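Asks: Hey, dropping target.txt in here, compact mmCIF, C-alpha atoms:
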```txt
# COMPACT_ATOMS: atom_id res chain seq x y z
CA MET N 17 7.22 -11.27 -41.31
CA ALA N 18 7.86 -12.59 -37.84
CA ALA N 19 10.21 -10.56 -35.62
CA GLN N 20 13.59 -12.12 -35.11
CA PRO N 21 14.42 -12.92 -31.48
CA ASP N 22 17.23 -10.96 -29.87
CA VAL N 23 20.43 -12.93 -29.95
CA PRO N 24 22.78 -12.13 -27.05
CA ALA N 25 26.25 -11.04 -28.03
CA PRO N 26 28.98 -13.57 -27.42
CA ARG N 27 30.51 -13.17 -23.97
CA GLY N 28 34.00 -12.54 -25.39
CA TYR N 29 32.70 -9.69 -27.55
CA THR N 30 30.88 -8.12 -24.60
CA LEU N 31 34.00 -8.24 -22.43
CA ARG N 32 36.12 -6.71 -25.20
CA ALA N 33 33.62 -3.93 -25.75
CA ARG N 34 33.52 -3.20 -22.03
CA GLN N 35 37.32 -3.15 -21.83
CA GLU N 36 37.49 -0.81 -24.82
CA ARG N 37 35.14 1.61 -23.05
CA VAL N 38 37.26 1.42 -19.92
CA ASP N 39 40.44 2.06 -21.90
CA GLU N 40 38.81 4.95 -23.76
CA THR N 41 37.70 6.58 -20.52
CA ARG N 42 41.13 6.10 -18.97
CA LEU N 43 42.75 7.71 -22.02
CA ARG N 44 40.38 10.69 -21.89
CA ILE N 45 41.28 11.25 -18.26
CA THR N 46 45.00 10.91 -19.01
CA GLU N 47 44.79 13.31 -21.95
CA ALA N 48 42.81 15.83 -19.89
CA THR N 49 45.38 15.67 -17.10
CA THR N 50 48.23 16.10 -19.56
CA ARG N 51 46.57 19.12 -21.14
CA LEU N 52 45.93 20.78 -17.78
CA HIS N 53 49.46 20.10 -16.56
CA GLU N 54 50.78 21.74 -19.71
CA GLN N 55 48.42 24.71 -19.54
CA VAL N 56 48.27 25.56 -15.82
CA GLY N 57 50.74 23.16 -14.20
CA PRO N 58 50.30 20.24 -11.80
CA ALA N 59 49.90 22.49 -8.75
CA ALA N 60 46.83 24.19 -10.21
CA THR N 61 45.28 21.05 -11.71
CA THR N 62 42.29 19.76 -9.76
CA VAL N 63 40.34 16.52 -10.03
CA SER N 64 37.23 18.58 -10.75
CA ALA N 65 38.93 20.26 -13.70
CA ILE N 66 40.21 16.92 -14.99
CA ALA N 67 36.74 15.38 -14.73
CA GLU N 68 35.10 18.31 -16.51
CA LEU N 69 37.62 18.31 -19.36
CA ALA N 70 37.43 14.53 -19.75
CA GLY N 71 33.61 14.55 -19.60
CA VAL N 72 33.42 12.21 -16.61
CA THR N 73 32.63 12.45 -12.92
CA ARG N 74 35.14 12.92 -10.12
CA LEU N 75 34.27 9.42 -8.94
CA THR N 76 35.23 8.02 -12.35
CA VAL N 77 38.61 9.75 -12.15
CA TYR N 78 39.25 8.21 -8.73
CA ARG N 79 38.02 4.82 -9.93
CA HIS N 80 40.69 4.78 -12.66
CA PHE N 81 43.38 6.60 -10.67
CA PRO N 82 42.99 6.16 -6.90
CA ASP N 83 45.88 8.51 -6.03
CA ASP N 84 48.01 11.30 -7.46
CA GLU N 85 50.96 9.03 -8.16
CA ALA N 86 48.93 6.71 -10.41
CA LEU N 87 47.52 9.66 -12.32
CA VAL N 88 50.87 11.42 -12.72
CA LYS N 89 52.55 8.19 -13.88
CA ALA N 90 49.92 7.72 -16.58
CA CYS N 91 50.16 11.37 -17.60
CA SER N 92 53.98 11.26 -17.69
CA ALA N 93 54.06 8.11 -19.80
CA HIS N 94 51.50 9.55 -22.21
CA TRP N 95 53.38 12.85 -22.57
CA ARG N 96 56.77 11.17 -23.04
CA GLY N 97 55.25 9.10 -25.82
CA LEU N 98 54.27 12.32 -27.58
CA HIS N 99 57.56 14.10 -26.79
CA PRO N 100 60.31 11.45 -26.65
CA ARG N 101 63.67 12.71 -25.44
CA PRO N 102 66.69 12.14 -27.71
CA ASP N 103 68.14 8.64 -27.47
CA ALA N 104 71.28 9.15 -25.37
CA ALA N 105 72.49 5.61 -26.09
CA ALA N 106 72.91 6.58 -29.74
CA TRP N 107 75.49 9.21 -28.76
CA VAL N 108 77.94 6.48 -27.73
CA SER N 109 78.65 5.72 -31.39
CA ILE N 110 80.19 9.22 -31.82
CA ASP N 111 83.84 8.83 -30.84
CA ASP N 112 84.96 12.45 -30.77
CA PRO N 113 83.78 13.84 -27.42
CA MET N 114 83.08 17.38 -28.61
CA ASN N 115 81.15 16.10 -31.62
CA ARG N 116 79.25 13.81 -29.26
CA LEU N 117 78.41 16.76 -27.05
CA ARG N 118 77.52 18.95 -30.03
CA THR N 119 75.07 16.33 -31.27
CA ALA N 120 73.64 15.85 -27.79
CA LEU N 121 73.07 19.57 -27.27
CA SER N 122 71.55 20.06 -30.71
CA GLN N 123 69.08 17.22 -30.16
CA THR N 124 68.38 18.14 -26.53
CA TYR N 125 67.74 21.81 -27.23
CA ARG N 126 65.49 21.00 -30.19
CA TRP N 127 63.52 18.67 -27.90
CA ALA N 128 63.43 21.32 -25.17
CA ARG N 129 61.81 23.86 -27.46
CA GLY N 130 58.91 21.53 -28.18
CA ALA N 131 58.70 20.36 -24.58
CA GLU N 132 58.96 23.83 -23.04
CA PRO N 133 55.29 24.39 -22.06
CA MET N 134 55.16 21.18 -20.02
CA MET N 135 58.71 21.09 -18.67
CA THR N 136 58.53 24.66 -17.39
CA LYS N 137 55.44 23.78 -15.36
CA ILE N 138 56.95 20.50 -14.12
CA HIS N 139 60.10 22.15 -12.78
CA ARG N 140 58.07 24.97 -11.26
CA ASP N 141 55.72 22.54 -9.48
CA LEU N 142 58.10 19.74 -8.52
CA HIS N 143 57.50 20.48 -4.84
CA VAL N 144 53.88 19.25 -5.10
CA MET N 145 54.50 16.27 -7.36
CA PRO N 146 55.10 12.64 -6.34
CA GLU N 147 58.73 11.90 -5.48
CA PHE N 148 59.20 9.57 -8.43
CA VAL N 149 59.08 12.55 -10.82
CA SER N 150 62.14 14.30 -9.40
CA ARG N 151 63.86 10.92 -9.03
CA PHE N 152 63.22 10.12 -12.70
CA LEU N 153 64.48 13.51 -13.84
CA ALA N 154 67.66 13.15 -11.77
CA GLN N 155 68.37 9.61 -12.99
CA ASP N 156 67.74 10.54 -16.62
CA GLN N 157 70.08 13.52 -16.27
CA GLN N 158 72.77 11.38 -14.64
CA THR N 159 72.62 8.81 -17.44
CA ARG N 160 73.03 11.45 -20.14
CA VAL N 161 75.89 13.18 -18.34
CA GLU N 162 77.74 9.90 -17.83
CA ILE N 163 77.45 9.00 -21.52
CA LEU N 164 78.89 12.38 -22.46
CA ARG N 165 81.58 12.35 -19.76
CA GLN N 166 82.94 8.96 -20.82
CA GLY N 167 83.88 10.37 -24.19
CA PHE N 168 86.32 12.83 -22.62
CA ARG N 169 88.17 10.52 -20.19
CA ALA N 170 89.22 13.47 -18.04
CA PRO N 171 91.00 12.50 -14.78
CA GLY N 172 90.72 13.88 -11.26
CA LYS N 173 89.80 17.51 -10.80
CA LYS N 174 89.16 17.93 -14.51
CA SER N 175 86.61 15.14 -14.33
CA ARG N 176 84.67 16.86 -11.53
CA ARG N 177 84.60 20.18 -13.36
CA LEU N 178 83.69 18.43 -16.60
CA LYS N 179 80.82 16.55 -14.99
CA ALA N 180 79.43 19.76 -13.48
CA ALA N 181 79.70 21.60 -16.80
CA LEU N 182 78.03 18.75 -18.70
CA ALA N 183 75.20 18.55 -16.17
CA HIS N 184 74.62 22.27 -16.59
CA ALA N 185 74.77 22.07 -20.38
CA VAL N 186 72.14 19.34 -20.82
CA ASP N 187 69.77 20.64 -18.12
CA PHE N 188 66.41 21.87 -19.45
CA ARG N 189 66.61 24.85 -17.11
CA THR N 190 69.87 25.94 -18.72
CA TRP N 191 68.25 25.92 -22.14
CA HIS N 192 65.27 27.81 -20.74
CA SER N 193 67.49 30.45 -19.16
CA LEU N 194 69.57 30.96 -22.31
CA CYS N 195 66.86 30.71 -24.96
CA ILE N 196 63.54 31.70 -23.39
CA VAL N 197 64.83 34.22 -20.86
CA GLY N 198 68.04 35.24 -22.61
CA GLY N 199 66.70 35.21 -26.15
CA LEU N 200 69.46 33.07 -27.69
CA SER N 201 68.75 30.67 -30.52
CA ASP N 202 69.21 26.96 -29.89
CA ASP N 203 72.43 27.01 -31.92
CA GLU N 204 73.79 30.02 -30.01
CA ALA N 205 73.03 28.34 -26.71
CA ALA N 206 74.70 25.11 -27.86
CA HIS N 207 77.86 26.98 -28.95
CA LEU N 208 78.01 28.75 -25.59
CA MET N 209 77.71 25.48 -23.67
CA LEU N 210 80.34 23.82 -25.86
CA ALA N 211 82.71 26.64 -24.98
CA THR N 212 81.80 26.31 -21.29
CA VAL N 213 82.61 22.59 -21.27
CA ALA N 214 85.89 23.17 -23.11
CA ALA N 215 86.85 25.86 -20.59
CA ALA N 216 86.01 23.57 -17.69
CA ILE N 217 88.60 21.08 -18.94
CA GLU N 218 91.29 23.51 -20.01
CA ASN N 219 91.20 25.66 -16.85
CA ALA N 220 91.06 22.85 -14.31
```
Please, can you express the file's structure as structure tokens?
Replies:
Amino acid sequence: MAAQPDVPAPRGYTLRARQERVDETRLRITEATTRLHEQVGPAATTVSAIAELAGVTRLTVYRHFPDDEALVKACSAHWRGLHPRPDAAAWVSIDDPMNRLRTALSQTYRWARGAEPMMTKIHRDLHVMPEFVSRFLAQDQQTRVEILRQGFRAPGKKSRRLKAALAHAVDFRTWHSLCIVGGLSDDEAAHLMLATVAAAIENA
């Protein structure tokens, strides 16, 4: 039986296969970076360690991510997809402000417990991370506080105290201090912060 001649793959198929390999390599690098950030933190994560964990060369890492900002953006997006924060926009539908806050704290603290390994390292190493990380964290916090503050409609001095109390209540570092360091349960921490916010309004 005569051998069949090699038939070249269609150009479209070849390009798709090449792009799939590129995407797969990029994902391996992103996943390796995410894992190292969670385990040792961004400050201790090196390109050599990323390359070794991803099974690629340092040059390949730089080819996909030419600078730290590009790599951290990809890592952040990947991690947020795995650990989505509670949808603050959904809290607007809760009219009673204390019930709105109670729901927000319950959801936020439950998220914080699962996110703790990464978020602890991020806050610890913010000083070595691209500026967009701290900017994103601040903007996200501001959005959540504003949604919660609007439910109270507190004027003047009460509004300033309320805003400060709300910012403290929904901050990951507050949860970490109360639950990881202080040993409170998520529910105990939420009850304490509800009382703090109430006191901020009443004693203004």
Asks: Under the rule that all atoms listed in the file are counted, which of N:Cys195, N:Asn219, N:Leu121, N:Pro113 is the nearest residue to Ala183 in chain N?
Replies: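 Smallest separation from Ala183 in chain N among the options: N:Leu121.
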Asks: With all atoms listed in the file as the basis for distance, which of N:Leu210, N:Ala205, N:Ala216, N:Val149 is at the shortest distance from Lys179 in chain N?
Replies: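 Looking at the shortest contact to Lys179 in chain N, the residue is N:Ala216.
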Asks: Using only C-alpha atoms, pick whichever of N:Gln166, N:Lys137, N:Asp187, N:Gln158 has the shortest atom-to-atom distance to Ala60 in chain N.
Replies: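 Answer, going by the shortest atom-to-atom distance: N:Lys137.
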Asks: For the interface of range 100-219 of chain N with range 85-95 of chain N (cut-off 9 Å, counting only C-alpha atoms), please tabulate each contacting residue of range 100-219 of chain N alongside its nearest pair of atoms and their separation in Å to one decimal, rows sorted by chain and increasing number, as CSV.
Replies:
```
residue,atom,partner,partner_atom,distance
N:Pro100,CA,N:Trp95,CA,8.2
N:Met134,CA,N:Trp95,CA,8.9
N:Met145,CA,N:Val88,CA,8.1
N:Pro146,CA,N:Glu85,CA,5.8
N:Glu147,CA,N:Glu85,CA,8.7
N:Phe148,CA,N:Glu85,CA,8.3
N:Val149,CA,N:Lys89,CA,8.4
```
Asks: Place a sphere of radius 8 Å on (68.8, 9.5, -24.0) in the file coordinates and name every protein, DNA or RNA residue with an atom inside or on its surface, counting only C-alpha atoms; give the answer as a PDB file with C-alpha atoms, keeping the file's coordinate frame.
Replies:
```pdb
ATOM      1  CA  ARG N 101      63.670  12.710 -25.440  1.00  0.00           C
ATOM      2  CA  PRO N 102      66.690  12.140 -27.710  1.00  0.00           C
ATOM      3  CA  ASP N 103      68.140   8.640 -27.470  1.00  0.00           C
ATOM      4  CA  ALA N 104      71.280   9.150 -25.370  1.00  0.00           C
ATOM      5  CA  ALA N 105      72.490   5.610 -26.090  1.00  0.00           C
ATOM      6  CA  ALA N 106      72.910   6.580 -29.740  1.00  0.00           C
ATOM      7  CA  ASP N 156      67.740  10.540 -16.620  1.00  0.00           C
ATOM      8  CA  THR N 159      72.620   8.810 -17.440  1.00  0.00           C
ATOM      9  CA  ARG N 160      73.030  11.450 -20.140  1.00  0.00           C
TER      10      ARG N 160
END
```
Asks: Compare N:Arg169, N:His184, N:His139, N:His192 by their minimum atom-to-atom distance to Leu153 in chain N, counting only C-alpha atoms, and give me the closest one.
Replies: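 Looking only at the distances to Leu153 in chain N, the closest residue turns out to be N:His139.
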Asks: Please indicate the distance in Å from CA of Leu194 in chain N to CA of Ala181 in chain N, rounded to one decimal place.
Replies: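 Those two atoms sit 14.9 Å apart.
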Asks: Using all atoms listed in the file, can you tell me which of N:Thr190, N:Thr73, N:Ser64, N:Asn115 comes closest to Leu164 in chain N?
Replies: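 Checking each candidate against Leu164 in chain N, we get N:Asn115 as the closest.
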Asks: List the neighbours of Trp191 in chain N out to 12 Å using only C-alpha atoms; skip same-chain residues closer than 4 positions along the sequence, and give me the result as a PyMOL selection string.
Replies: chain N and resi 121-132+135-136+183-187+195-209
Asks: For CA of Phe152 in chain N and CA of Leu75 in chain N, quote the distance in Å rounded to one decimal.
Replies: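 Computing the Euclidean distance for CA of Phe152 in chain N and CA of Leu75 in chain N yields 29.2 Å.
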Asks: Please measure the separation of CA of Ala120 in chain N and CA of Trp107 in chain N, giving the value in Å to one decimal.
Replies: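 Between these atoms lies a distance of 7.0 Å.
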Asks: Just checking: using all atoms listed in the file, which residue out of N:Ala180, N:Ser109, N:Pro82, N:Pro133 ends up closest to Arg51 in chain N?
Replies: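 With all atoms listed in the file as the atom set, the closest residue is N:Pro133.
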Asks: I need every residue sitting at most 12 Å from the point (46.1, 13.7, -23.8) (coordinates as in the file, only C-alpha atoms considered), written as a list of chain:residue names.
Replies: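 Those residues, ordered by chain and then number, are N:Glu40, N:Thr41, N:Arg42, N:Leu43, N:Arg44, N:Ile45, N:Thr46, N:Glu47, N:Ala48, N:Thr49, N:Thr50, N:Arg51, N:Leu52, N:His53, N:Glu54, N:Ile66, N:Leu69, N:Ala70, N:Ala90, N:Cys91, N:Ser92, N:Ala93, N:His94, N:Trp95, N:Arg96, N:Gly97, N:Leu98, N:His99.
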Asks: Write out as a ChimeraX atom specification which residues come within 8 Å of Leu178 in chain N when counting all atoms listed in the file, dropping same-chain ones fewer than 5 positions away.
Replies: /N:165,170,213,216-217
Asks: Output, as AutoDock Vina command-line options, the centre and edge lengths in Å (one decimal) of the axis-aligned box that contains all listed atoms of range 28-46 of chain N with 5 Å of margin on each side.
Replies:
```
--center_x 37.9 --center_y -0.6 --center_z -22.9 --size_x 24.1 --size_y 33.8 --size_z 19.3
```
